[in-house]
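So this one's target.cif, mmCIF, C-alpha atoms and all ligand atoms:
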data_upload
loop_
_atom_site.label_atom_id
_atom_site.label_comp_id
_atom_site.auth_asym_id
_atom_site.auth_seq_id
_atom_site.Cartn_x
_atom_site.Cartn_y
_atom_site.Cartn_z
CA MET A 1 46.81 19.49 43.10
CA LEU A 2 48.00 16.50 41.13
CA ASP A 3 49.90 17.14 37.91
CA ALA A 4 47.08 16.10 35.62
CA ALA A 5 44.53 18.22 37.49
CA ARG A 6 46.87 21.22 37.36
CA ASN A 7 47.50 20.60 33.66
CA LEU A 8 43.77 20.38 33.03
CA LYS A 9 43.24 23.76 34.64
CA ALA A 10 46.06 25.27 32.59
CA VAL A 11 44.55 23.91 29.36
CA ARG A 12 41.11 25.25 30.32
CA ASP A 13 42.64 28.67 31.02
CA ARG A 14 44.38 28.63 27.62
CA ILE A 15 41.11 27.69 25.88
CA ALA A 16 39.34 30.58 27.64
CA GLU A 17 42.12 32.99 26.66
CA ALA A 18 42.10 31.86 23.00
CA ALA A 19 38.31 32.20 22.95
CA ARG A 20 38.54 35.72 24.36
CA GLU A 21 41.22 36.75 21.82
CA ASN A 22 38.96 35.56 19.00
CA GLY A 23 35.78 37.12 20.30
CA ARG A 24 34.26 33.74 21.10
CA ALA A 25 32.58 32.35 24.21
CA ALA A 26 34.70 29.78 26.09
CA GLU A 27 31.52 27.72 26.71
CA ASP A 28 31.24 27.19 22.95
CA ILE A 29 34.52 25.27 22.88
CA GLY A 30 34.43 21.74 24.25
CA LEU A 31 37.48 19.93 25.59
CA VAL A 32 37.96 16.25 24.81
CA ALA A 33 40.64 14.94 27.20
CA VAL A 34 42.51 12.27 25.22
CA SER A 35 43.37 9.48 27.66
CA LYS A 36 44.76 6.87 25.22
CA THR A 37 47.62 4.79 26.73
CA PHE A 38 46.78 6.04 30.25
CA ASP A 39 45.13 3.70 32.73
CA ALA A 40 42.16 4.26 35.03
CA GLU A 41 44.41 5.37 37.91
CA ALA A 42 45.80 8.18 35.76
CA ILE A 43 42.34 9.13 34.50
CA ARG A 44 40.52 9.30 37.87
CA PRO A 45 42.20 12.54 39.09
CA VAL A 46 41.12 14.25 35.87
CA ILE A 47 37.54 13.08 36.39
CA LYS A 48 37.79 14.25 40.00
CA ALA A 49 38.90 17.67 38.75
CA GLY A 50 35.62 17.95 36.86
CA GLN A 51 36.44 16.74 33.35
CA ARG A 52 33.65 14.60 31.86
CA VAL A 53 34.47 14.33 28.13
CA PHE A 54 37.22 11.89 27.15
CA GLY A 55 38.66 10.53 23.91
CA GLU A 56 40.18 7.15 23.08
CA ASN A 57 41.62 5.98 19.77
CA ARG A 58 41.24 2.19 20.12
CA VAL A 59 38.01 0.34 20.77
CA GLN A 60 39.67 -2.55 22.62
CA GLU A 61 41.74 -0.33 24.90
CA ALA A 62 38.64 1.72 25.74
CA GLN A 63 36.65 -1.43 26.53
CA ALA A 64 39.27 -2.41 29.09
CA LYS A 65 39.01 0.74 31.18
CA TRP A 66 35.86 2.78 30.47
CA PRO A 67 32.88 0.57 31.40
CA ALA A 68 33.92 0.69 35.08
CA LEU A 69 34.69 4.42 35.01
CA LYS A 70 31.38 5.15 33.30
CA GLU A 71 29.59 3.17 35.96
CA GLU A 72 31.22 5.32 38.64
CA HIS A 73 30.38 8.50 36.69
CA PRO A 74 27.33 8.02 34.45
CA ASP A 75 27.64 11.57 33.08
CA ILE A 76 30.91 10.80 31.31
CA GLU A 77 30.87 11.26 27.53
CA LEU A 78 33.29 9.03 25.63
CA HIS A 79 34.52 9.89 22.12
CA LEU A 80 36.12 7.52 19.63
CA ILE A 81 38.85 9.49 17.84
CA GLY A 82 40.77 6.63 16.19
CA PRO A 83 40.08 4.64 13.03
CA LEU A 84 37.07 2.34 13.15
CA GLN A 85 36.91 -1.10 11.50
CA SER A 86 33.46 -2.36 10.56
CA ASN A 87 34.00 -5.57 12.57
CA LYS A 88 34.30 -3.33 15.69
CA ALA A 89 31.12 -1.37 14.96
CA LYS A 90 29.08 -3.42 17.43
CA ASP A 91 31.47 -2.84 20.35
CA ALA A 92 31.97 0.81 19.42
CA VAL A 93 28.24 1.58 19.27
CA ALA A 94 27.77 -0.10 22.64
CA LEU A 95 30.51 1.91 24.38
CA PHE A 96 31.01 5.31 22.76
CA ASP A 97 28.75 8.36 23.02
CA VAL A 98 30.36 10.17 20.08
CA MET A 99 32.30 8.72 17.13
CA GLN A 100 34.47 11.22 15.31
CA THR A 101 35.97 8.95 12.66
CA VAL A 102 33.23 7.97 10.20
CA ASP A 103 35.09 8.08 6.89
CA ARG A 104 33.69 5.54 4.42
CA GLU A 105 30.52 3.99 3.15
CA LYS A 106 31.17 0.58 4.69
CA ILE A 107 31.53 2.06 8.19
CA ALA A 108 28.46 4.24 7.75
CA GLY A 109 26.43 1.17 6.82
CA ALA A 110 27.80 -0.92 9.68
CA LEU A 111 27.10 1.85 12.21
CA ALA A 112 23.57 2.39 10.92
CA ALA A 113 22.84 -1.35 11.23
CA GLU A 114 24.29 -1.56 14.77
CA MET A 115 22.52 1.57 15.93
CA ALA A 116 19.20 0.15 14.76
CA LYS A 117 19.93 -3.19 16.43
CA GLN A 118 21.08 -1.73 19.76
CA GLY A 119 18.70 1.23 19.92
CA ARG A 120 21.66 3.45 20.79
CA ARG A 121 22.41 6.58 18.80
CA PRO A 122 25.95 7.83 19.38
CA ARG A 123 26.54 11.27 17.84
CA LEU A 124 28.69 11.14 14.71
CA TYR A 125 31.43 13.18 13.02
CA VAL A 126 33.01 12.56 9.63
CA GLN A 127 36.82 12.53 9.60
CA VAL A 128 38.36 14.43 6.68
CA ASN A 129 41.90 13.72 5.45
CA THR A 130 42.66 17.38 4.74
CA GLY A 131 46.31 16.68 3.91
CA LEU A 132 45.46 13.77 1.53
CA GLU A 133 47.99 11.64 3.42
CA GLY A 134 48.13 8.08 2.14
CA GLN A 135 48.54 6.43 5.55
CA LYS A 136 45.95 8.57 7.33
CA ALA A 137 42.27 7.77 7.85
CA GLY A 138 39.61 10.19 6.71
CA ILE A 139 37.69 10.92 3.54
CA ASP A 140 39.14 12.91 0.64
CA PRO A 141 38.16 16.57 1.23
CA ARG A 142 36.73 16.78 -2.31
CA GLU A 143 34.28 13.99 -1.49
CA ALA A 144 33.45 15.03 2.07
CA ALA A 145 30.29 17.07 1.49
CA SER A 146 28.72 14.40 -0.75
CA PHE A 147 29.70 11.70 1.77
CA VAL A 148 27.96 13.62 4.55
CA ALA A 149 24.85 13.83 2.35
CA ARG A 150 25.02 10.07 1.65
CA CYS A 151 25.39 9.29 5.37
CA ARG A 152 22.25 11.31 6.02
CA GLU A 153 20.13 10.24 3.06
CA THR A 154 21.19 6.65 2.39
CA HIS A 155 22.03 5.55 5.93
CA GLY A 156 19.81 7.85 8.02
CA LEU A 157 22.78 8.96 10.12
CA GLY A 158 22.75 12.36 11.79
CA ILE A 159 26.21 13.77 11.09
CA GLU A 160 26.80 16.58 13.55
CA GLY A 161 30.42 17.53 12.87
CA LEU A 162 33.69 17.15 10.99
CA MET A 163 37.08 16.18 12.39
CA CYS A 164 40.61 16.48 11.01
CA ILE A 165 44.22 15.77 12.00
CA PRO A 166 46.54 18.01 9.94
CA PRO A 167 49.87 16.59 8.71
CA LEU A 168 52.48 16.75 11.49
CA ASP A 169 55.01 18.79 9.53
CA GLU A 170 52.67 21.44 8.13
CA ASN A 171 51.18 24.69 9.34
CA PRO A 172 47.76 23.52 10.60
CA GLY A 173 45.91 26.78 9.85
CA PRO A 174 45.05 26.04 6.19
CA HIS A 175 43.80 22.56 7.18
CA PHE A 176 41.52 24.02 9.86
CA ALA A 177 40.26 26.62 7.36
CA LEU A 178 39.52 23.88 4.81
CA LEU A 179 37.58 21.84 7.40
CA GLU A 180 35.53 24.91 8.31
CA LYS A 181 34.74 25.56 4.63
CA ILE A 182 33.63 21.96 4.02
CA ALA A 183 31.45 22.08 7.15
CA ARG A 184 29.64 25.13 5.78
CA GLU A 185 29.11 23.42 2.40
CA ALA A 186 27.89 20.21 4.04
CA GLY A 187 25.62 21.94 6.55
CA VAL A 188 27.49 20.60 9.55
CA ALA A 189 27.71 22.63 12.76
CA LYS A 190 30.56 21.15 14.80
CA LEU A 191 34.32 21.20 14.17
CA SER A 192 36.65 18.88 16.10
CA MET A 193 40.13 20.19 15.45
CA GLY A 194 43.24 21.11 17.42
CA MET A 195 45.45 19.00 19.70
CA SER A 196 48.04 19.85 22.39
CA ALA A 197 50.38 21.59 19.93
CA ASP A 198 47.84 23.64 18.01
CA PHE A 199 44.52 23.96 19.83
CA GLU A 200 44.73 27.73 20.13
CA THR A 201 45.16 28.00 16.35
CA ALA A 202 42.17 25.68 15.88
CA ILE A 203 40.05 27.92 18.13
CA ALA A 204 40.99 30.91 15.96
CA PHE A 205 39.68 28.95 12.94
CA GLY A 206 36.37 28.04 14.59
CA ALA A 207 36.94 24.75 16.47
CA THR A 208 33.92 23.80 18.59
CA SER A 209 35.91 21.11 20.34
CA VAL A 210 39.61 20.47 20.80
CA ARG A 211 41.21 17.08 21.53
CA VAL A 212 44.01 17.43 24.05
CA GLY A 213 46.08 14.52 25.38
CA SER A 214 49.71 15.10 26.34
CA ALA A 215 49.18 18.67 27.63
CA ILE A 216 46.88 17.12 30.27
CA PHE A 217 48.19 13.60 30.92
CA GLY A 218 51.86 14.11 30.09
CA ALA A 219 54.00 12.53 27.37
CA ARG A 220 53.02 9.08 26.09
CA ASP A 221 55.58 6.25 25.80
C1 LIG B 301 46.36 11.26 20.39
C2 LIG B 301 45.36 12.10 19.69
C3 LIG B 301 45.09 13.41 20.12
C4 LIG B 301 45.80 14.09 21.27
O1 LIG B 301 47.11 14.37 20.92
P1 LIG B 301 48.05 15.28 21.87
O2 LIG B 301 49.07 15.80 20.93
O3 LIG B 301 48.60 14.37 22.89
O4 LIG B 301 47.20 16.34 22.44
C5 LIG B 301 44.11 14.13 19.44
N1 LIG B 301 43.44 13.59 18.39
C6 LIG B 301 43.67 12.33 17.97
C7 LIG B 301 42.89 11.79 16.82
C8 LIG B 301 44.64 11.55 18.60
O5 LIG B 301 44.86 10.29 18.16
#

Structure rendered as structure tokens:
Amino acid sequence: MLDAARNLKAVRDRIAEAARENGRAAEDIGLVAVSKTFDAEAIRPVIKAGQRVFGENRVQEAQAKWPALKEEHPDIELHLIGPLQSNKAKDAVALFDVMQTVDREKIAGALAAEMAKQGRRPRLYVQVNTGLEGQKAGIDPREAASFVARCRETHGLGIEGLMCIPPLDENPGPHFALLEKIAREAGVAKLSMGMSADFETAIAFGATSVRVGSAIFGARD
């Protein structure tokens, strides 16, 4: 087995084990394989090993490699996990199946307009800046539930989940707990939380999907 395929299996085994330890079903926890910075040649073995859900953080980078891969494998589901600019809404709606980073009114409006125009309805998550970090994308946790309501009522967007990236230097547990609490308040079912370093913790706090890059593809430059 190639490295990435072996790594994928190891990550799947760890997800199953964390699910078992927390009395959850492994099938209830999705794995988004984060392929940012890796090219199609590095991604193909992971597809071959059965993975179908992938995440990218830049629209332009994803446009360069995913249309061809999606043509080869129409059942691939591509998630945008990086910040979205409203001038990229058109390209993003055309390419992605799920967008996890809706975090402000302007983006919500731009996505709603593009979705109507293109007749495509990617599934949407709202990103929450649980650590209130100045440089990080995501809505203020205190405004998250009302923002979800505005997305639904004003823009007609079906928000299916919340996503967070805890501060690097903090214990992630309280951030995952906060995201879970906001999701309950906002009436949102899905929780995208947990990366290579902390996905087992995220599963303990209720993650319904984890976003794992380096543990599958190896270290990025
Ligand atoms: C890069 C990235 C990941 C994956 O990070 P790893 O530590 O490599 O698993 C997950 N989520 C987001 C938003 C990312 O940008």

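Take CA of Glu160 (chain A) and CA of Ala10 (chain A): the distance between them is 28.4 Å.
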
- Within-7 Å residues of ligand LIG 301 (chain B), basis only C-alpha atoms and all ligand atoms, as a ChimeraX atom specification: /A:34,36,57,81-82,165,195-197,211-215

- Message: Quick one: residues within 9 Å of Ala49 (chain A), only C-alpha atoms, excluding same-chain residues fewer than 2 positions away - as a PyMOL selection string?
- Response: chain A and resi 4-6+8-9+44-47+51

- With a distance cut-off of 6 Å and all atoms listed in the file, select the neighbouring residues of Gly161 (chain A), excluding the residue or stretch itself and same-chain residues fewer than 4 positions from it, and output the selection as number ranges by chain. A: 125, 188-191

- At what distance in Å, to one decimal, does CA of Ser86 (chain A) lie from CA of Ala68 (chain A)? 24.7 Å

- Calculate how many Å separate CA of Arg220 (chain A) from CA of Phe38 (chain A), rounding to one decimal. 8.1 Å

Report as a tab-separated table the residues of region 163-218 of chain A within 10 Å of region 141-157 of chain A, each with its shortest atom pair and distance in Å (one decimal), using all atoms listed in the file, ordered by chain and increasing residue number.
residue	atom	partner	partner_atom	distance
A:Leu178	CA	A:Pro141	CA	8.3
A:Leu179	CA	A:Pro141	CA	8.1
A:Ile182	CA	A:Ala145	CA	6.4
A:Ala183	CA	A:Ala145	CA	7.6
A:Arg184	CA	A:Ala145	CA	9.2
A:Glu185	CA	A:Ala145	CA	6.5
A:Ala186	CA	A:Ala145	CA	4.7
A:Gly187	CA	A:Ala145	CA	8.4
A:Val188	CA	A:Val148	CA	8.6

Near region 90-102 of chain A, 10 Å: region 158-213 of chain A residue rows, closest pairs, only C-alpha atoms, as a tab-separated table:
residue	atom	partner	partner_atom	distance
A:Ile159	CA	A:Val102	CA	9.1
A:Glu160	CA	A:Gln100	CA	9.5
A:Gly161	CA	A:Gln100	CA	7.9
A:Leu162	CA	A:Gln100	CA	7.4
A:Met163	CA	A:Gln100	CA	6.3
A:Cys164	CA	A:Thr101	CA	9.0
A:Ser192	CA	A:Gln100	CA	8.0

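Nearest residue to Ala110 (chain A) among A:Leu132, A:Leu168, A:Ala89, A:Ile203 is A:Ala89, counting only C-alpha atoms.
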
If we count only C-alpha atoms, what is near His175 (chain A) at a cut-off of 10 Å, once residues fewer than 5 positions away on the same chain are taken out, given as a JSON list (two decimals) with C-alpha atoms, in the coordinates of the input?
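Okay, result_15.json is ready:
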[["chain", "number", "residue", "atom", "x", "y", "z"],
["A", 128, "VAL", "CA", 38.36, 14.43, 6.68],
["A", 129, "ASN", "CA", 41.90, 13.72, 5.45],
["A", 130, "THR", "CA", 42.66, 17.38, 4.74],
["A", 131, "GLY", "CA", 46.31, 16.68, 3.91],
["A", 164, "CYS", "CA", 40.61, 16.48, 11.01],
["A", 165, "ILE", "CA", 44.22, 15.77, 12.00],
["A", 166, "PRO", "CA", 46.54, 18.01, 9.94],
["A", 167, "PRO", "CA", 49.87, 16.59, 8.71],
["A", 170, "GLU", "CA", 52.67, 21.44, 8.13],
["A", 180, "GLU", "CA", 35.53, 24.91, 8.31],
["A", 181, "LYS", "CA", 34.74, 25.56, 4.63],
["A", 193, "MET", "CA", 40.13, 20.19, 15.45],
["A", 202, "ALA", "CA", 42.17, 25.68, 15.88],
["A", 205, "PHE", "CA", 39.68, 28.95, 12.94]]

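Of the listed residues (A:Ile43, A:Val53, A:Leu31, A:Leu80), A:Ile43 comes nearest to Lys65 (chain A); the distances count all atoms listed in the file.
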
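Using only C-alpha atoms, the smallest distance between any of A:Ile139, A:Ala18, A:Leu124, A:Glu105 and Glu200 (chain A) comes from A:Ala18.
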
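Closest to Asp140 (chain A) among A:Ser35, A:Gln60, A:Trp66, A:Arg104 is A:Arg104, based on all atoms listed in the file.
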
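Counting all atoms listed in the file and comparing A:Leu2, A:Ala64, A:Ile76, A:Ala25, the residue that lies closest to Ala207 (chain A) is A:Ala25.
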